[in-house]
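This is target.txt (compact mmCIF, C-alpha atoms and all ligand atoms).
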```
# COMPACT_ATOMS: atom_id res chain seq x y z
CA MET R 9 56.21 82.13 37.50
CA HIS R 10 54.20 83.25 34.50
CA HIS R 11 53.80 80.63 31.79
CA VAL R 12 52.91 80.96 28.14
CA LEU R 13 50.26 78.42 27.11
CA ALA R 14 50.56 76.13 24.10
CA PHE R 15 47.58 73.99 23.08
CA THR R 16 47.99 70.56 21.52
CA HIS R 17 45.63 68.09 19.87
CA ASP R 18 48.15 65.40 18.90
CA ARG R 19 46.23 62.62 20.72
CA TRP R 20 43.48 62.91 18.10
CA THR R 21 44.88 60.99 15.17
CA PHE R 22 43.22 59.70 12.01
CA PRO R 23 43.89 56.81 9.63
CA LEU R 24 46.18 57.49 6.68
CA PRO R 25 46.80 55.13 3.77
CA PRO R 26 50.46 53.97 3.72
CA THR R 27 51.04 55.94 0.52
CA ASN R 28 49.92 59.22 2.08
CA ARG R 29 52.85 61.34 3.26
CA PHE R 30 50.95 63.76 5.49
CA PRO R 31 53.32 64.03 8.49
CA GLN R 32 50.89 63.24 11.27
CA GLU R 33 53.67 62.39 13.75
CA LYS R 34 54.90 65.98 13.51
CA TYR R 35 52.29 67.17 16.00
CA ARG R 36 53.45 64.78 18.71
CA LEU R 37 57.11 65.56 18.03
CA VAL R 38 56.51 69.30 18.32
CA ARG R 39 54.52 68.85 21.53
CA GLU R 40 57.30 66.76 23.08
CA ARG R 41 59.83 69.46 22.25
CA VAL R 42 57.68 72.34 23.48
CA GLU R 43 57.05 70.52 26.78
CA ARG R 44 60.77 70.79 27.47
CA VAL R 45 60.89 74.58 26.98
CA PRO R 46 61.03 76.46 30.31
CA GLY R 47 58.23 78.98 30.66
CA ILE R 48 55.73 77.13 28.47
CA LYS R 49 52.86 74.95 29.66
CA VAL R 50 51.22 72.56 27.19
CA ARG R 51 47.49 71.99 27.51
CA GLU R 52 44.66 70.35 25.66
CA ALA R 53 41.74 72.53 24.62
CA ALA R 54 38.04 71.86 24.26
CA PRO R 55 37.01 71.09 20.69
CA ILE R 56 34.94 73.63 18.79
CA THR R 57 31.38 72.72 17.87
CA TRP R 58 30.07 72.40 14.33
CA ALA R 59 28.02 75.53 15.05
CA ASP R 60 31.30 77.39 15.66
CA ALA R 61 32.57 76.27 12.25
CA LEU R 62 29.38 77.70 10.70
CA LEU R 63 30.48 81.18 11.79
CA VAL R 64 32.97 80.94 8.90
CA HIS R 65 31.98 78.16 6.55
CA GLU R 66 28.99 77.52 4.34
CA ALA R 67 26.50 75.05 5.78
CA GLU R 68 26.80 72.64 2.86
CA TRP R 69 30.57 72.23 3.28
CA ILE R 70 30.23 71.63 7.02
CA ARG R 71 27.45 69.10 6.44
CA ARG R 72 29.68 67.20 4.01
CA ILE R 73 32.74 67.03 6.26
CA ARG R 74 30.62 66.25 9.31
CA HIS R 75 28.87 63.29 7.71
CA GLY R 76 31.55 62.01 5.35
CA LEU R 77 29.86 63.06 2.11
CA LEU R 78 32.98 64.20 0.24
CA THR R 79 33.43 63.14 -3.36
CA ARG R 80 36.61 61.37 -4.49
CA ARG R 81 37.57 64.57 -6.23
CA GLU R 82 37.14 66.62 -3.03
CA GLU R 83 39.22 64.10 -1.10
CA ALA R 84 41.92 64.32 -3.75
CA ALA R 85 41.95 68.12 -3.42
CA LEU R 86 42.22 67.76 0.34
CA GLY R 87 45.01 65.22 0.09
CA LEU R 88 43.27 63.27 2.87
CA THR R 89 40.74 60.46 3.08
CA TRP R 90 37.65 61.24 5.15
CA SER R 91 37.11 59.31 8.38
CA PRO R 92 35.11 60.01 11.54
CA GLU R 93 38.47 60.45 13.28
CA LEU R 94 39.51 63.13 10.77
CA ALA R 95 36.30 65.07 11.42
CA GLU R 96 36.81 64.79 15.18
CA ARG R 97 40.44 65.83 14.94
CA THR R 98 39.44 68.92 12.95
CA LEU R 99 37.23 70.09 15.81
CA HIS R 100 40.04 69.56 18.32
CA ALA R 101 42.68 71.21 16.13
CA THR R 102 40.49 74.27 15.65
CA GLY R 103 39.74 74.28 19.37
CA SER R 104 43.46 74.60 20.07
CA THR R 105 43.66 77.78 18.01
CA VAL R 106 40.52 79.19 19.64
CA ALA R 107 41.91 78.47 23.11
CA ALA R 108 45.26 80.01 22.17
CA ALA R 109 43.47 83.17 21.04
CA GLN R 110 41.70 83.44 24.38
CA ALA R 111 44.99 82.88 26.21
CA ALA R 112 46.80 85.50 24.11
CA LEU R 113 44.16 88.10 24.98
CA GLU R 114 45.04 87.53 28.64
CA ASP R 115 48.76 86.73 28.48
CA GLY R 116 50.00 88.52 25.35
CA VAL R 117 51.36 85.38 23.65
CA ALA R 118 50.05 81.84 23.18
CA ALA R 119 50.52 79.02 20.69
CA ALA R 120 48.53 76.34 18.92
CA LEU R 121 50.67 73.26 18.23
CA GLY R 122 48.91 72.77 14.91
CA GLY R 123 46.50 74.96 13.01
CA GLY R 124 47.26 77.50 10.35
CA THR R 125 44.81 75.69 8.05
CA HIS R 126 45.00 78.51 5.54
CA HIS R 127 43.76 76.62 2.45
CA ALA R 128 40.24 76.18 3.88
CA HIS R 129 37.85 78.52 2.04
CA ARG R 130 34.35 79.45 3.18
CA ALA R 131 32.72 76.94 0.83
CA VAL R 132 35.37 74.24 0.42
CA GLY R 133 38.56 72.86 1.91
CA ARG R 134 41.75 71.70 0.21
CA GLY R 135 45.45 71.14 0.81
CA TYR R 136 45.09 69.28 4.15
CA CYS R 137 42.72 72.02 5.44
CA LEU R 138 39.05 71.27 6.25
CA VAL R 139 38.14 74.13 8.61
CA ASN R 140 39.92 77.49 8.75
CA ASP R 141 41.07 77.65 12.37
CA VAL R 142 42.22 81.26 12.39
CA ALA R 143 38.98 82.44 10.80
CA VAL R 144 36.90 80.56 13.38
CA ALA R 145 38.99 82.02 16.22
CA ILE R 146 38.56 85.56 14.87
CA ARG R 147 34.80 85.17 14.43
CA LEU R 148 34.45 83.80 17.97
CA MET R 149 36.52 86.66 19.40
CA ARG R 150 34.43 89.16 17.42
CA SER R 151 31.30 87.82 19.08
CA SER R 152 32.79 88.47 22.51
CA GLN R 153 35.72 90.68 23.41
CA LEU R 154 37.87 91.60 20.42
CA ILE R 155 37.45 94.94 18.76
CA GLY R 156 39.80 96.54 16.27
CA LYS R 157 41.87 95.25 13.41
CA CYS R 158 43.38 91.80 13.22
CA LEU R 159 46.59 90.87 11.36
CA ILE R 160 47.18 87.46 9.80
CA LEU R 161 50.89 87.22 8.99
CA ASP R 162 51.26 84.04 6.95
CA LEU R 163 54.87 82.90 6.47
CA ASP R 164 54.02 79.36 5.38
CA VAL R 165 55.62 78.78 1.98
CA HIS R 166 52.20 78.27 0.37
CA GLN R 167 49.92 81.21 -0.39
CA GLY R 168 47.11 81.70 2.13
CA ASP R 169 44.20 81.49 -0.31
CA GLY R 170 41.68 80.31 2.28
CA ASN R 171 42.42 83.16 4.67
CA ALA R 172 42.03 85.64 1.81
CA ASP R 173 38.73 84.03 0.84
CA CYS R 174 37.32 83.98 4.39
CA PHE R 175 38.08 87.70 4.91
CA ALA R 176 37.63 88.99 1.37
CA THR R 177 34.93 91.43 2.44
CA ASP R 178 36.21 92.19 5.97
CA PRO R 179 38.28 95.42 6.13
CA ASP R 180 39.15 94.73 9.78
CA VAL R 181 41.22 91.63 9.02
CA VAL R 182 44.45 92.27 7.12
CA VAL R 183 45.66 89.13 5.35
CA VAL R 184 49.38 89.06 4.53
CA SER R 185 51.11 86.14 2.81
CA LEU R 186 54.79 85.69 1.89
CA HIS R 187 55.07 82.55 -0.23
CA GLY R 188 56.81 80.66 -2.99
CA ALA R 189 55.97 82.19 -6.37
CA GLN R 190 55.92 78.82 -8.17
CA ASN R 191 54.28 76.83 -5.40
CA TYR R 192 50.79 75.57 -4.51
CA PRO R 193 48.03 76.82 -4.68
CA PHE R 194 48.15 77.44 -8.40
CA VAL R 195 44.74 79.15 -8.41
CA ARG R 196 44.97 81.92 -5.85
CA VAL R 197 42.74 84.25 -3.90
CA SER R 198 44.58 87.49 -3.26
CA GLY R 199 44.78 88.93 0.24
CA ASP R 200 45.71 92.45 1.31
CA ILE R 201 49.46 91.93 0.78
CA ASP R 202 50.83 89.02 -1.28
CA VAL R 203 54.57 88.64 -1.80
CA ASP R 204 55.88 86.11 -4.32
CA VAL R 205 59.27 84.63 -3.42
CA PRO R 206 61.25 83.08 -6.32
CA ASP R 207 62.32 79.42 -6.20
CA ARG R 208 65.58 78.71 -4.33
CA THR R 209 65.59 82.09 -2.56
CA GLY R 210 67.97 81.87 0.41
CA ASP R 211 68.15 83.63 3.77
CA ASP R 212 69.28 87.09 2.66
CA GLY R 213 66.79 87.47 -0.17
CA TYR R 214 63.94 86.15 1.94
CA LEU R 215 64.71 88.33 4.95
CA ALA R 216 64.92 91.42 2.73
CA LEU R 217 61.43 90.66 1.37
CA LEU R 218 60.16 90.08 4.91
CA ASP R 219 61.59 93.42 6.07
CA ASP R 220 59.94 95.19 3.13
CA THR R 221 56.63 93.54 4.00
CA LEU R 222 56.83 94.39 7.70
CA ALA R 223 57.64 98.00 6.80
CA ARG R 224 54.34 98.19 4.92
CA LEU R 225 52.21 96.88 7.78
CA ASP R 226 51.92 99.98 9.96
CA ALA R 227 49.97 101.68 7.18
CA HIS R 228 47.32 98.94 7.58
CA GLY R 229 47.11 99.12 11.38
CA PRO R 230 46.94 99.69 14.25
CA PHE R 231 46.28 96.05 15.10
CA ALA R 232 44.45 94.74 18.16
CA PHE R 233 45.46 91.12 17.54
CA ALA R 234 47.81 89.05 15.37
CA PHE R 235 48.15 85.48 14.16
CA LEU R 236 51.50 84.25 12.87
CA LEU R 237 51.45 81.20 10.58
CA ALA R 238 54.99 80.03 11.22
CA GLY R 239 55.17 77.34 8.55
CA ALA R 240 58.47 75.45 8.54
CA ASP R 241 58.23 74.68 4.84
CA PRO R 242 60.51 77.50 3.56
CA TRP R 243 63.36 75.32 4.96
CA GLU R 244 65.86 74.06 2.37
CA GLY R 245 65.22 70.45 3.49
CA ASP R 246 61.46 70.61 2.96
CA ARG R 247 59.92 68.25 0.37
CA LEU R 248 57.32 70.80 -0.72
CA GLY R 249 59.05 74.13 -0.12
CA ARG R 250 61.14 75.06 -3.20
CA LEU R 251 62.94 77.75 -1.12
CA SER R 252 66.39 77.50 0.47
CA LEU R 253 66.22 78.96 3.96
CA THR R 254 68.69 77.58 6.51
CA LEU R 255 67.83 76.85 10.14
CA PRO R 256 69.43 80.14 11.33
CA GLY R 257 67.58 81.91 8.51
CA LEU R 258 64.22 80.58 9.71
CA GLU R 259 65.04 81.57 13.27
CA GLU R 260 65.83 85.09 12.12
CA ARG R 261 62.54 85.14 10.18
CA ASP R 262 60.68 84.34 13.39
CA ARG R 263 62.63 86.88 15.46
CA ARG R 264 61.78 89.66 13.03
CA ALA R 265 58.11 88.74 12.61
CA ILE R 266 57.49 88.13 16.31
CA GLY R 267 59.53 91.22 17.18
CA TRP R 268 57.47 93.43 14.88
CA ILE R 269 54.25 92.25 16.52
CA ARG R 270 55.39 92.24 20.15
CA ASP R 271 57.28 95.54 19.90
CA ARG R 272 53.80 97.01 19.35
CA ASN R 273 52.33 95.02 22.27
CA ILE R 274 49.90 93.26 19.94
CA PRO R 275 48.53 90.00 21.42
CA LEU R 276 49.96 87.13 19.35
CA VAL R 277 48.99 83.55 18.56
CA VAL R 278 51.57 81.39 16.81
CA THR R 279 50.23 78.50 14.74
CA LEU R 280 52.41 75.87 13.07
CA ALA R 281 50.93 75.62 9.55
CA GLY R 282 52.99 73.45 7.15
CA GLY R 283 56.29 71.63 7.44
CA TYR R 284 57.26 68.54 5.43
CA GLY R 285 60.98 68.17 5.98
CA GLU R 286 63.16 65.15 5.64
CA PRO R 287 63.76 64.23 8.37
CA ILE R 288 60.49 65.34 9.96
CA GLU R 289 62.35 65.65 13.29
CA THR R 290 64.15 68.71 11.93
CA THR R 291 60.81 70.23 10.95
CA ALA R 292 59.59 69.59 14.50
CA ASP R 293 62.74 71.30 15.83
CA ILE R 294 62.02 74.36 13.65
CA GLN R 295 58.40 74.56 14.73
CA ALA R 296 59.15 74.14 18.44
CA ARG R 297 61.78 76.87 18.10
CA SER R 298 59.18 79.24 16.61
CA VAL R 299 56.95 78.65 19.65
CA ALA R 300 59.87 79.10 22.06
CA LEU R 301 60.86 82.39 20.42
CA ALA R 302 57.31 83.69 20.73
CA ALA R 303 57.17 82.62 24.37
CA GLU R 304 60.28 84.72 25.07
CA ARG R 305 58.18 87.72 24.12
CA GLY R 306 55.20 86.74 26.30
ZN ZN O 401 52.63 75.13 3.49
```
Is it possible to give me this structure as structure tokens?
Amino acid sequence: MHHVLAFTHDRWTFPLPPTNRFPQEKYRLVRERVERVPGIKVREAAPITWADALLVHEAEWIRRIRHGLLTRREEAALGLTWSPELAERTLHATGSTVAAAQAALEDGVAAALGGGTHHAHRAVGRGYCLVNDVAVAIRLMRSSQLIGKCLILDLDVHQGDGNADCFATDPDVVVVSLHGAQNYPFVRVSGDIDVDVPDRTGDDGYLALLDDTLARLDAHGPFAFAFLLAGADPWEGDRLGRLSLTLPGLEERDRRAIGWIRDRNIPLVVTLAGGYGEPIETTADIQARSVALAAERG
């Protein structure tokens, strides 16, 4: 039987102060759920190297996160405290996305049970994002087998400023973000298509905006590859979301986005991106469901 591969890095944890609410346990919870989905195999990937990260990021930023040279202000912008474990985890998390991209080229669909670190710019990281995993994966594919245009469809509730920054001068990567109008990041970098969603928008309004966005995509293609950032933070129970999507609404979002991509036979990597629900178990359910829906189209 053919299996879709999903790559995890949840064994690589890092210390968090008790006051920090980054949901580190989410990655294990999603992995445990995905392991129970028929047709999916969960694997661990090799970490990337720091040299791989330099394909995207400026040398000074990589030097600072490699050696723990961040200022207090930079740590505050990241929302994380530097540790050797955090640096190591970043290499493994990015490695999962790179491995998923390789698997998707062969199998059509693959997943990274993490990633979607879309606030990492070329020169600086913020918002829980140190290294831009999708950008590293695209640059590595460009140096080997991938030719043609790449789509980044970012449905995390926060605008994908880092993706837009990394590909600002690259016409072969189309960066699309559908996000909360009033939400972080408050200083933005515009991508190719940016759609602002008003606070408290529910399923119908959101899905109408998604349909409009998908209808515009063919004019930017054809695409040889796609990444979906399936953030769970548009959910009504999310602490940071400000939108009001229900669980069936999020599932329909994924069906439409994945359907658009796979109807065109475009190889697809699903990454998790954000998700800060209360309880976090529900967020893990949403994210595992996104991966399962993609696997159905593998
Ligand atoms: Zn987010």
Given the point (41.5, 70.9, -1.5) in the file's coordinates, find the residues that have an atom at most 7 Å from it, counting only C-alpha atoms, and give them as a PyMOL selection string. chain R and resi 82+84-87+133-136
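Between atom CA of Cys158 of chain R and atom CA of Leu62 of chain R lies a distance of 20.0 Å.
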Which residues, written as a PyMOL selection string, have at least one atom at most 7 Å from segment 184-188 of chain R, with all atoms listed in the file counted and residues fewer than 4 positions away on the same chain left out? chain R and resi 160-168+199-207
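Proximity to segment 21-28 of chain R at 12 Å, evaluated using only C-alpha atoms and with sequence-adjacent residues fewer than 4 positions away removed, yields Thr16, His17, Gln32, Glu33, Lys34, Tyr35, Arg36, Ala84, Leu86, Gly87, Leu88, Thr89, Trp90, Ser91, Pro92, Glu93, Leu94, Ala95, Glu96, Arg97, Thr98, Leu99, His100, Ala101 and Tyr136 of chain R.
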List as a VMD selection string the protein and nucleic acid residues near Asp169 of chain R, meaning an atom at most 9 Å away when all atoms listed in the file are counted, but skip any in the same chain fewer than 3 places from it. chain R and resid 126 to 129 166 172 to 174 185 193 195 to 199
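Across the structure, atom CA of Ala145 of chain R and atom CA of Pro46 of chain R are spaced 26.7 Å apart.
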Across R:Val277, R:Leu255, R:Ala240, R:Ala292, the smallest distance to ligand ZN 401 (chain O), with all atoms listed in the file counted, is shown by R:Ala240
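Proximity of R:Ile73, R:Leu253, R:Leu63, R:Leu225 to Gly213 of chain R, computed with only C-alpha atoms, is greatest for R:Leu253.
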Nearest to ligand ZN 401 (chain O): which of R:Phe233, R:Tyr192, R:Trp268, R:Phe30 is it, counting only C-alpha atoms and all ligand atoms? R:Tyr192
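Using only C-alpha atoms, the shortest contact distance between Asn191 of chain R and any of R:Ile155, R:Val142, R:Leu251, R:Met149 is found at R:Leu251.
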To one decimal place, how far is atom CA of Gly103 of chain R from atom CA of Phe175 of chain R in Å? 19.8 Å
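Nearest to Val50 of chain R of all the residues R:Ala238, R:Ala300, R:Leu78, R:Gly123 is R:Ala300, based on all atoms listed in the file.
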Can you pull out every residue within 12 Å of Glu52 of chain R, counting only C-alpha atoms, but drop anything in the same chain fewer than 5 positions away, and send it as JSON, numbers by chain? {"R": [13, 14, 15, 16, 17, 18, 19, 20, 39, 100, 101, 102, 103, 104, 105, 106, 107, 108, 119, 120, 121, 122]}
For the selection just defined, write its residues with C-alpha atoms to a file, as an mmCIF file, in the frame of the given file.
```
data_model
loop_
_atom_site.group_PDB
_atom_site.id
_atom_site.type_symbol
_atom_site.label_atom_id
_atom_site.label_comp_id
_atom_site.auth_asym_id
_atom_site.auth_seq_id
_atom_site.Cartn_x
_atom_site.Cartn_y
_atom_site.Cartn_z
ATOM 1 C CA LEU R 13 50.260 78.420 27.110
ATOM 2 C CA ALA R 14 50.560 76.130 24.100
ATOM 3 C CA PHE R 15 47.580 73.990 23.080
ATOM 4 C CA THR R 16 47.990 70.560 21.520
ATOM 5 C CA HIS R 17 45.630 68.090 19.870
ATOM 6 C CA ASP R 18 48.150 65.400 18.900
ATOM 7 C CA ARG R 19 46.230 62.620 20.720
ATOM 8 C CA TRP R 20 43.480 62.910 18.100
ATOM 9 C CA ARG R 39 54.520 68.850 21.530
ATOM 10 C CA HIS R 100 40.040 69.560 18.320
ATOM 11 C CA ALA R 101 42.680 71.210 16.130
ATOM 12 C CA THR R 102 40.490 74.270 15.650
ATOM 13 C CA GLY R 103 39.740 74.280 19.370
ATOM 14 C CA SER R 104 43.460 74.600 20.070
ATOM 15 C CA THR R 105 43.660 77.780 18.010
ATOM 16 C CA VAL R 106 40.520 79.190 19.640
ATOM 17 C CA ALA R 107 41.910 78.470 23.110
ATOM 18 C CA ALA R 108 45.260 80.010 22.170
ATOM 19 C CA ALA R 119 50.520 79.020 20.690
ATOM 20 C CA ALA R 120 48.530 76.340 18.920
ATOM 21 C CA LEU R 121 50.670 73.260 18.230
ATOM 22 C CA GLY R 122 48.910 72.770 14.910
#
```
Could you check which of R:Leu138, R:Val64, R:Val45, R:Leu215 is closest to Thr254 of chain R, using all atoms listed in the file? R:Leu215
